[in-house]
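Worksheet: the structure to be examined is printed underneath.
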Amino acid sequence: MQPIQIQEPKTTLLNHESARPLNAVGIDLGTTHSLVAYVDSQGNPVAIADDQGRVTLPSVVSYEHANIPHVGYEAKEQLYHRKSHVVASIKRLMGKGIKDIPAIGGHLPYKIDEDDSHTKESVVRLQVGDKKVTPIEVSSVILASLKERAEKHLGHEVTQAVITVPAYFDDAARVATKDAARLAGIEVLRLLSEPTSAAVAYGLDQQEEGLYAVYDLGGGTFDFSLLHLQKGVFKVIATAGDTVLGGDDFDHQIVEYLLQSIHVSHVPSDETIRYLMAIARDAKEQLSHHVDTVVQFNYAGQSYEVVLSKALFERLIAPLVEKTLHLVRVVLIEQELDISDIHRVVLVGGSTYVPLVRESVSRMFAQEPLSSLHPEQVVAFGAAIQAHALTVGGSTLLLDVLPLSLGIETMGGLVEKLIFRNSPIPASKSQVFTTYQDGQSTLKIKVVQGEREKAANCRSLAEFTLRGIPPMHAGKARVTISFQVDADALLTVRAREEMTGIEQVVEVKPTYGLTEQEIIAILKESFAHNEQDHRQRLLIESRLEARQTIDEVEQWLGLLKNRLSVQQYEHVEEYRQCLQQTLESENRDLIVQTKNALKALVEQLVGGTHPA
């Protein structure tokens, strides 16, 4: 992996003699709509429109003609005709595997390729008409369309981009996004979190220092981030989110209501759900401006009209809005902050147009949120500004954070955390580990992600073995394990045996990601089990130390047996057996006391035997 280069405020990555605009744009790859933007010659971010003046591109891909997929409005129209070859809201499946589908599939009317269904670890493949596609491939088609739009507008080739992702996208989803860009012929300068991008677009770096909250509710994801601004440096101090909560879920509530209204009891087909979701989306947009709307749709060969009022719609989505506010409260409690500590609040995402969302956020923070910029364009603006800064030069330093801790599994199944949750990135940390057994020539390294003390309760990211360690006594080898997290929150692990210089480097690249339930559960479990985990860790560590003491005493007895009296030998053996028996005890104090008594006895005898 190349070294990370992050510029200081008011500096540029290019020298003045060779400074020239590179072919870089900012891209917001959204669940419902996507955008591309650039910074013009006056230094202003501009969203690039299509030939008809539309700046948003529906994140919908049609594979009616498999070799020439259609993107955007043309593909979106086919949703109304229940076409099985149309894919929408694909962002929800980025970085997901087959095993993740039960948690999110109810809101995603896709036909999963059954050839892969038996392999839980398989990346998701969708059966779209006669074609099988992955979320990465679908996203690459959207990115390629945005790239083409930018090139047509700018009049030259576009090869680089800053692409935004939800702050709570895990490693797998971030890697999937970079892979999609590569397929589209785009070099990713940086993956920028959507809340941070919005803050940049608002020019908050030019405003009063302090804490800023970004409430980002899009079509398929929700992010809440707290940013601290000081001397032109943005630092994300905390983040929380839900990777399967957004405007699509509002639409789903409307669909369920429509089906109940016409007394449908069976599960509709995937094509029908896609069609009804498109109808529901239009109804939702109407209710942002009217007190009620008449929803017209066809079902099973019949035409229906259902009146949907704004009040009823708000009752349907109220639990979902409350879910976002609960996540906000969790972040504030974790950071020991009060609402009054927040200087300003920024609204991001098309779903913040929903009046109930705006009103709820305003009430919670007791202030009117910033929304002067178009909520659907603000993220792309920030990405364009950052792309300009990384190629031509800029004045803002951005520091994102890790959403979950990273570490390795050690003896006893414990986790040694190297880089902690909410640490600023890029980040790197090295720590020296050693062998546990005499003559050990290999060291298995298991990389995990999570907040619990035991590896079994965390998520495994990678596993590899360092071989060629010189045989020596336990505890003598020195293996340096280094974690390096780049600006996109992607991890590289390096293990090096210091005596021989033998090393192995692994770029952690998972094939699927965490579900929203897993992410939230990881954090909830860490808080709920914190005290219990700490006690369990101390107990395991005490057992490991006791076993090591037993091994050392056995070696000592073997060397000095002939120099000890029978009484001395039996005395030590009695203490050793006693410690062996207490190893399975849950009483840590008893284990420690017995171990210390054995060590004290041995030290006393060593003083009297004067071994060579």
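Numbering starts fresh at 1 for the residues of each chain in the structure tokens, the chains themselves are lettered A, B, ... in the order given, and ligands are numbered from 1 as they appear.
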
Range 459-472 of chain A surroundings by only C-alpha atoms, 9 Å radius, close-in-sequence under 2 positions cut, as a PyMOL selection string: chain A and resi 435+437-450+455-457+474-477+479+495-497+499-500+502-504+506-510+514

Long-range neighbours of Ala75 in chain A as a ChimeraX atom specification, 9 Å cut-off, only C-alpha atoms, 2 positions minimum in chain: /A:58-63,69-73,77-79,86-87

Limited to C-alpha atoms, could you put the picked residues into a file as a compact mmCIF listing (two decimals), in the first residue's frame?
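Contents of the output file part-v3.txt:
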# COMPACT_ATOMS: atom_id res chain seq x y z
CA PRO A 58 -31.76 7.90 -10.47
CA SER A 59 -29.66 5.02 -9.14
CA VAL A 60 -31.57 2.57 -11.29
CA VAL A 61 -30.10 0.22 -13.90
CA SER A 62 -32.01 -1.71 -16.57
CA TYR A 63 -30.56 -4.84 -18.14
CA PRO A 69 -27.47 -1.46 -19.67
CA HIS A 70 -29.54 1.71 -19.33
CA VAL A 71 -29.17 4.01 -16.34
CA GLY A 72 -31.25 6.72 -14.72
CA TYR A 73 -34.61 8.06 -15.79
CA GLU A 77 -39.60 4.36 -16.02
CA GLN A 78 -39.42 0.61 -16.40
CA LEU A 79 -40.05 0.17 -12.67
CA VAL A 86 -34.50 -3.47 -13.47
CA VAL A 87 -32.40 -2.95 -10.34

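Excluding Asp251 in chain A and any residue on its chain fewer than 6 positions from it, the residues at most 6 Å away by only C-alpha atoms are Met277, Ala280 and Arg281 of chain A.
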
DSSP-assigned strand (DSSP E) among range 391-468 of chain A, expressed as a PyMOL selection string: chain A and resi 397-401+406-410+414-419+424-425+427-433+442-449+459-467

Residues of range 113-311 of chain A in alpha helix (DSSP H), written as JSON, numbers by chain: {"A": [135, 136, 137, 138, 139, 140, 141, 142, 143, 144, 145, 146, 147, 148, 149, 150, 151, 152, 153, 154, 171, 172, 173, 174, 175, 176, 177, 178, 179, 180, 181, 182, 183, 194, 195, 196, 197, 198, 199, 200, 201, 247, 248, 249, 250, 251, 252, 253, 254, 255, 256, 257, 258, 259, 260, 261, 270, 271, 272, 273, 274, 275, 276, 277, 278, 279, 280, 281, 282, 283, 284, 285, 286, 287, 310, 311]}
